[in-house]
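The file query.cif contains mmCIF, C-alpha atoms:
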```
data_target
loop_
_atom_site.group_PDB
_atom_site.id
_atom_site.type_symbol
_atom_site.label_atom_id
_atom_site.label_comp_id
_atom_site.auth_asym_id
_atom_site.auth_seq_id
_atom_site.Cartn_x
_atom_site.Cartn_y
_atom_site.Cartn_z
ATOM 1 C CA MET A 1 -33.777 -32.978 -52.551
ATOM 2 C CA SER A 2 -34.208 -35.205 -55.571
ATOM 3 C CA GLY A 3 -36.082 -34.237 -58.709
ATOM 4 C CA ALA A 4 -38.746 -36.921 -58.217
ATOM 5 C CA ARG A 5 -42.386 -35.903 -58.407
ATOM 6 C CA PRO A 6 -44.328 -36.097 -55.131
ATOM 7 C CA GLY A 7 -46.022 -39.491 -54.890
ATOM 8 C CA ALA A 8 -43.967 -40.923 -57.767
ATOM 9 C CA ASP A 9 -42.878 -43.790 -55.562
ATOM 10 C CA ARG A 10 -46.473 -44.957 -55.135
ATOM 11 C CA GLU A 11 -47.471 -47.747 -57.460
ATOM 12 C CA GLN A 12 -49.935 -46.649 -60.129
ATOM 13 C CA THR A 13 -52.503 -49.278 -61.073
ATOM 14 C CA ALA A 14 -54.662 -49.045 -64.143
ATOM 15 C CA PRO A 15 -58.368 -49.758 -63.758
ATOM 16 C CA THR A 16 -59.262 -53.396 -64.353
ATOM 17 C CA THR A 17 -61.673 -53.698 -67.283
ATOM 18 C CA THR A 18 -63.911 -56.759 -67.557
ATOM 19 C CA THR A 19 -66.118 -57.810 -70.463
ATOM 20 C CA LEU A 20 -68.505 -60.713 -69.996
ATOM 21 C CA LEU A 21 -69.994 -62.045 -73.228
ATOM 22 C CA VAL A 22 -72.960 -63.934 -71.799
ATOM 23 C CA VAL A 23 -74.293 -66.336 -74.428
ATOM 24 C CA ARG A 24 -77.571 -68.146 -73.958
ATOM 25 C CA HIS A 25 -77.160 -71.553 -75.567
ATOM 26 C CA ALA A 26 -78.457 -71.886 -79.113
ATOM 27 C CA HIS A 27 -81.720 -73.605 -80.053
ATOM 28 C CA ALA A 28 -81.904 -77.149 -78.701
ATOM 29 C CA GLY A 29 -85.503 -78.171 -79.314
ATOM 30 C CA ASP A 30 -88.194 -78.756 -76.737
ATOM 31 C CA ARG A 31 -87.347 -80.097 -73.303
ATOM 32 C CA GLU A 32 -90.734 -81.854 -73.186
ATOM 33 C CA THR A 33 -90.199 -83.883 -76.382
ATOM 34 C CA TRP A 34 -86.572 -84.867 -75.684
ATOM 35 C CA GLU A 35 -86.472 -88.472 -74.485
ATOM 36 C CA GLY A 36 -83.063 -88.553 -72.802
ATOM 37 C CA PRO A 37 -81.604 -86.740 -69.815
ATOM 38 C CA ASP A 38 -82.036 -82.998 -70.301
ATOM 39 C CA GLU A 39 -78.310 -82.393 -69.750
ATOM 40 C CA ARG A 40 -77.630 -84.365 -72.954
ATOM 41 C CA ARG A 41 -80.110 -82.512 -75.183
ATOM 42 C CA PRO A 42 -78.130 -81.394 -78.259
ATOM 43 C CA LEU A 43 -78.543 -78.421 -80.550
ATOM 44 C CA THR A 44 -80.994 -78.667 -83.406
ATOM 45 C CA LYS A 45 -80.040 -77.855 -86.982
ATOM 46 C CA LYS A 46 -81.149 -74.256 -86.334
ATOM 47 C CA GLY A 47 -79.058 -74.221 -83.159
ATOM 48 C CA ARG A 48 -75.950 -75.409 -85.008
ATOM 49 C CA ARG A 49 -76.408 -72.570 -87.523
ATOM 50 C CA GLN A 50 -76.791 -70.069 -84.650
ATOM 51 C CA SER A 51 -73.658 -71.522 -83.049
ATOM 52 C CA ALA A 52 -71.670 -71.038 -86.253
ATOM 53 C CA GLY A 53 -72.964 -67.449 -86.455
ATOM 54 C CA LEU A 54 -71.471 -66.607 -83.044
ATOM 55 C CA VAL A 55 -68.013 -66.574 -84.624
ATOM 56 C CA GLU A 56 -68.901 -63.530 -86.728
ATOM 57 C CA LEU A 57 -71.118 -61.937 -84.058
ATOM 58 C CA LEU A 58 -68.288 -61.908 -81.510
ATOM 59 C CA ALA A 59 -65.422 -61.306 -83.966
ATOM 60 C CA GLY A 60 -64.783 -57.793 -82.651
ATOM 61 C CA PHE A 61 -63.862 -59.020 -79.172
ATOM 62 C CA GLU A 62 -60.455 -60.313 -78.119
ATOM 63 C CA VAL A 63 -61.617 -63.290 -76.095
ATOM 64 C CA ASP A 64 -59.280 -64.458 -73.326
ATOM 65 C CA ARG A 65 -61.292 -67.483 -72.195
ATOM 66 C CA ILE A 66 -64.410 -69.477 -73.086
ATOM 67 C CA LEU A 67 -66.388 -70.959 -70.192
ATOM 68 C CA SER A 68 -69.524 -73.057 -70.456
ATOM 69 C CA SER A 69 -72.130 -75.001 -68.565
ATOM 70 C CA TRP A 70 -71.471 -78.723 -68.833
ATOM 71 C CA TYR A 71 -74.833 -79.304 -70.569
ATOM 72 C CA VAL A 72 -74.332 -80.593 -74.129
ATOM 73 C CA ARG A 73 -76.321 -77.754 -75.718
ATOM 74 C CA CYS A 74 -74.071 -75.130 -74.113
ATOM 75 C CA LEU A 75 -70.846 -76.894 -75.039
ATOM 76 C CA GLU A 76 -72.033 -77.357 -78.641
ATOM 77 C CA THR A 77 -72.951 -73.666 -78.824
ATOM 78 C CA VAL A 78 -69.362 -72.511 -78.270
ATOM 79 C CA VAL A 79 -67.478 -75.233 -80.193
ATOM 80 C CA PRO A 80 -67.207 -73.183 -83.433
ATOM 81 C CA LEU A 81 -66.119 -70.095 -81.474
ATOM 82 C CA ALA A 82 -63.499 -72.079 -79.559
ATOM 83 C CA GLY A 83 -62.156 -73.493 -82.809
ATOM 84 C CA ASP A 84 -61.956 -70.060 -84.413
ATOM 85 C CA GLU A 85 -60.285 -68.559 -81.334
ATOM 86 C CA ARG A 86 -58.037 -71.644 -80.956
ATOM 87 C CA GLN A 87 -59.044 -71.957 -77.330
ATOM 88 C CA SER A 88 -60.295 -74.729 -75.144
ATOM 89 C CA ILE A 89 -63.707 -74.657 -73.520
ATOM 90 C CA GLU A 90 -63.594 -74.591 -69.729
ATOM 91 C CA VAL A 91 -66.570 -76.128 -67.944
ATOM 92 C CA HIS A 92 -67.675 -74.129 -64.900
ATOM 93 C CA PRO A 93 -70.376 -75.242 -62.419
ATOM 94 C CA ALA A 94 -71.667 -71.679 -61.886
ATOM 95 C CA LEU A 95 -72.966 -71.720 -65.473
ATOM 96 C CA ALA A 96 -75.229 -74.780 -65.009
ATOM 97 C CA GLU A 97 -78.995 -74.394 -64.754
ATOM 98 C CA GLY A 98 -80.140 -73.390 -61.297
ATOM 99 C CA SER A 99 -76.996 -71.491 -60.296
ATOM 100 C CA SER A 100 -77.621 -68.629 -57.912
ATOM 101 C CA VAL A 101 -76.758 -64.948 -58.199
ATOM 102 C CA SER A 102 -73.981 -65.502 -55.642
ATOM 103 C CA ASP A 103 -72.556 -68.392 -57.741
ATOM 104 C CA VAL A 104 -72.366 -66.252 -60.873
ATOM 105 C CA GLY A 105 -71.139 -63.280 -58.837
ATOM 106 C CA ALA A 106 -68.200 -65.342 -57.621
ATOM 107 C CA LEU A 107 -67.496 -66.392 -61.215
ATOM 108 C CA ALA A 108 -67.615 -62.759 -62.394
ATOM 109 C CA ALA A 109 -65.075 -61.877 -59.692
ATOM 110 C CA GLU A 110 -62.891 -64.825 -60.739
ATOM 111 C CA VAL A 111 -62.674 -63.622 -64.361
ATOM 112 C CA ALA A 112 -62.268 -59.903 -63.555
ATOM 113 C CA GLY A 113 -59.876 -58.074 -65.841
ATOM 114 C CA THR A 114 -60.512 -60.325 -68.848
ATOM 115 C CA THR A 115 -62.818 -60.663 -71.815
ATOM 116 C CA VAL A 116 -64.605 -63.959 -71.399
ATOM 117 C CA VAL A 117 -67.420 -65.848 -73.104
ATOM 118 C CA LEU A 118 -69.853 -67.455 -70.662
ATOM 119 C CA CYS A 119 -72.256 -69.918 -72.306
ATOM 120 C CA THR A 120 -75.180 -70.730 -70.079
ATOM 121 C CA HIS A 121 -78.949 -71.072 -69.638
ATOM 122 C CA GLY A 122 -81.799 -68.568 -69.450
ATOM 123 C CA ASP A 123 -82.053 -68.516 -65.659
ATOM 124 C CA VAL A 124 -78.327 -67.841 -65.282
ATOM 125 C CA VAL A 125 -78.447 -65.133 -67.973
ATOM 126 C CA TRP A 126 -81.224 -63.537 -65.898
ATOM 127 C CA ASN A 127 -79.043 -63.678 -62.762
ATOM 128 C CA LEU A 128 -76.132 -62.049 -64.567
ATOM 129 C CA VAL A 129 -78.090 -59.340 -66.374
ATOM 130 C CA VAL A 130 -80.652 -58.430 -63.726
ATOM 131 C CA GLY A 131 -78.855 -59.500 -60.558
ATOM 132 C CA LEU A 132 -75.270 -58.458 -61.226
ATOM 133 C CA ALA A 133 -75.511 -55.824 -63.955
ATOM 134 C CA HIS A 134 -78.632 -54.298 -62.366
ATOM 135 C CA HIS A 135 -80.392 -54.108 -65.725
ATOM 136 C CA PRO A 136 -84.051 -53.255 -65.084
ATOM 137 C CA ALA A 137 -86.444 -56.196 -65.236
ATOM 138 C CA ASP A 138 -89.403 -54.230 -66.576
ATOM 139 C CA GLY A 139 -92.241 -56.072 -68.303
ATOM 140 C CA ASP A 140 -91.122 -59.612 -69.040
ATOM 141 C CA GLY A 141 -87.515 -58.709 -68.236
ATOM 142 C CA PRO A 142 -84.550 -58.342 -70.519
ATOM 143 C CA PRO A 143 -84.580 -60.123 -73.879
ATOM 144 C CA MET A 144 -82.736 -63.427 -73.899
ATOM 145 C CA SER A 145 -83.508 -65.402 -77.031
ATOM 146 C CA LYS A 146 -81.671 -68.654 -77.522
ATOM 147 C CA GLY A 147 -78.354 -67.961 -79.230
ATOM 148 C CA SER A 148 -78.292 -64.317 -78.094
ATOM 149 C CA THR A 149 -75.487 -62.573 -76.232
ATOM 150 C CA TRP A 150 -75.419 -59.953 -73.501
ATOM 151 C CA VAL A 151 -72.279 -57.829 -73.388
ATOM 152 C CA LEU A 152 -71.667 -56.840 -69.763
ATOM 153 C CA GLU A 153 -68.812 -54.427 -69.185
ATOM 154 C CA GLY A 154 -67.322 -53.063 -66.040
ATOM 155 C CA ARG A 155 -64.329 -51.648 -64.249
ATOM 156 C CA ASP A 156 -62.724 -52.546 -60.968
ATOM 157 C CA GLY A 157 -65.164 -55.329 -60.162
ATOM 158 C CA ARG A 158 -68.351 -53.377 -60.855
ATOM 159 C CA LEU A 159 -70.462 -54.083 -63.944
ATOM 160 C CA SER A 160 -71.613 -50.778 -65.388
ATOM 161 C CA ALA A 161 -72.867 -51.323 -68.930
ATOM 162 C CA ALA A 162 -75.084 -53.921 -70.583
ATOM 163 C CA ARG A 163 -76.122 -54.297 -74.199
ATOM 164 C CA TYR A 164 -78.028 -57.020 -76.002
ATOM 165 C CA LEU A 165 -76.928 -58.702 -79.215
ATOM 166 C CA PRO A 166 -79.769 -60.698 -80.824
ATOM 167 C CA PRO A 167 -79.014 -64.230 -82.026
ATOM 168 C CA PRO A 168 -76.991 -64.354 -85.210
ATOM 169 C CA ALA A 169 -79.066 -64.829 -88.333
ATOM 170 C CA ALA A 170 -79.175 -68.539 -89.030
ATOM 171 C CA PRO A 171 -78.635 -68.994 -92.770
ATOM 172 C CA SER A 172 -80.647 -71.849 -94.193
#
```

Rewrite the structure of this file - the entire thing - as structure tokens.
Amino acid sequence: MSGARPGADREQTAPTTTTLLVVRHAHAGDRETWEGPDERRPLTKKGRRQSAGLVELLAGFEVDRILSSWYVRCLETVVPLAGDERQSIEVHPALAEGSSVSDVGALAAEVAGTTVVLCTHGDVVWNLVVGLAHHPADGDGPPMSKGSTWVLEGRDGRLSAARYLPPPAAPS
């Protein structure tokens, strides 16, 4: 009989930890007063300051990937963060306005085991926070100011913790 421990030949797998940093795009002005296609609406001056503030707000996270909706305001929101992290921005269709809970659920499964920034729109933030993380939607629902971030954490494919980070202070 060998000196091996019982079950030592079975492969041990560590739990897979996932952190989703769900960023609602920064301030981009009013949809009603923008004269071009909504997808091309850029950040305002305030939005650009909020975008720059994300670098410090998310500095404590080791970001593996940065994904964004293809809308200009989302892409512009994560440009400073991508530059600071020396990463490219990956466009993902599940982050566009109107994406369903199942779309964002599939994306969450795709990025399992990583720390990833997801820059998106209010309706998709709602789907992630309420639909996937099962955060209660009491009153008006969870806060989701423009430029804010929800930190959704989980293990083994199940999101289990959610906390809100208000938008970074936009210095004048």

Enumerate, as a PDB file with C-alpha atoms, in the frame of the given file, the protein, DNA and RNA residues whose atoms approach (-73.6, -57.4, -70.4) to within 7 Å, taking into account all atoms listed in the file and the coordinate frame of the file.
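Writing done, so here's part.pdb:
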```
ATOM      1  CA  LEU A  20     -68.505 -60.713 -69.996  1.00  0.00           C
ATOM      2  CA  LEU A  21     -69.994 -62.045 -73.228  1.00  0.00           C
ATOM      3  CA  VAL A  22     -72.960 -63.934 -71.799  1.00  0.00           C
ATOM      4  CA  VAL A 129     -78.090 -59.340 -66.374  1.00  0.00           C
ATOM      5  CA  ALA A 133     -75.511 -55.824 -63.955  1.00  0.00           C
ATOM      6  CA  TRP A 150     -75.419 -59.953 -73.501  1.00  0.00           C
ATOM      7  CA  VAL A 151     -72.279 -57.829 -73.388  1.00  0.00           C
ATOM      8  CA  LEU A 152     -71.667 -56.840 -69.763  1.00  0.00           C
ATOM      9  CA  GLU A 153     -68.812 -54.427 -69.185  1.00  0.00           C
ATOM     10  CA  ALA A 161     -72.867 -51.323 -68.930  1.00  0.00           C
ATOM     11  CA  ALA A 162     -75.084 -53.921 -70.583  1.00  0.00           C
ATOM     12  CA  ARG A 163     -76.122 -54.297 -74.199  1.00  0.00           C
TER      13      ARG A 163
END
```

task = I need the residue set behind the PyMOL selection byres ((chain A and resi 148) around 8) for this file; please write it as a ChimeraX atom specification.
result = /A:23-26,144-147,149-150,164-168

ask   = For Arg48 of chain A, which residue out of A:Leu118, A:Ile66, A:Val79, A:Leu107 is the nearest one, using only C-alpha atoms?
value = A:Val79

inquiry  = Using only C-alpha atoms, can you tell me which of A:Val72, A:Ser99, A:Ala109, A:Val130 comes closest to Pro143 of chain A?
reply    =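 Distance minimum relative to Pro143 of chain A lands on A:Val130.
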
request  = Give me, please, the distance in Å between atom CA of Trp126 of chain A and atom CA of Thr19 of chain A, quoted to one decimal.
outcome  = 16.8 Å

query = So which residues fall inside 8 Å of (-70.6, -75.6, -67.2) if we count all atoms listed in the file? Mind giving them as a count of residues only?
reply = 16

task = Would you work out the distance separating atom CA of Lys45 of chain A from atom CA of Arg31 of chain A, expressed in Å to one decimal?
result =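 Atom CA of Arg31 of chain A lies at a distance of 15.7 Å from atom CA of Lys45 of chain A.
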
query = Expressed in Å to a single decimal, how great is the separation between atom CA of Gly53 of chain A and atom CA of Leu159 of chain A?
reply = 26.3 Å

message = I'd like to know which of A:Asp123, A:Glu76, A:Glu62, A:Asp38 is closest to Ile89 of chain A, using all atoms listed in the file.
response = A:Glu76

task = May I have the residues within 12 Å of Gly60 of chain A as a VMD selection string, using all atoms listed in the file and disregarding those fewer than 2 positions away in the same chain?
result = chain A and resid 21 54 to 58 62 to 63 85 115 151

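Among the candidate residues A:Arg65, A:Ala108, A:Val117, A:Glu32, the one lying nearest to Ser88 of chain A is A:Arg65, with distances computed using only C-alpha atoms.
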
remark   = The residue from A:Gln87, A:Ser51, A:Ser160, A:Ser102 with the smallest atom-to-atom distance to Arg73 of chain A, counting all atoms listed in the file, is A:Ser51
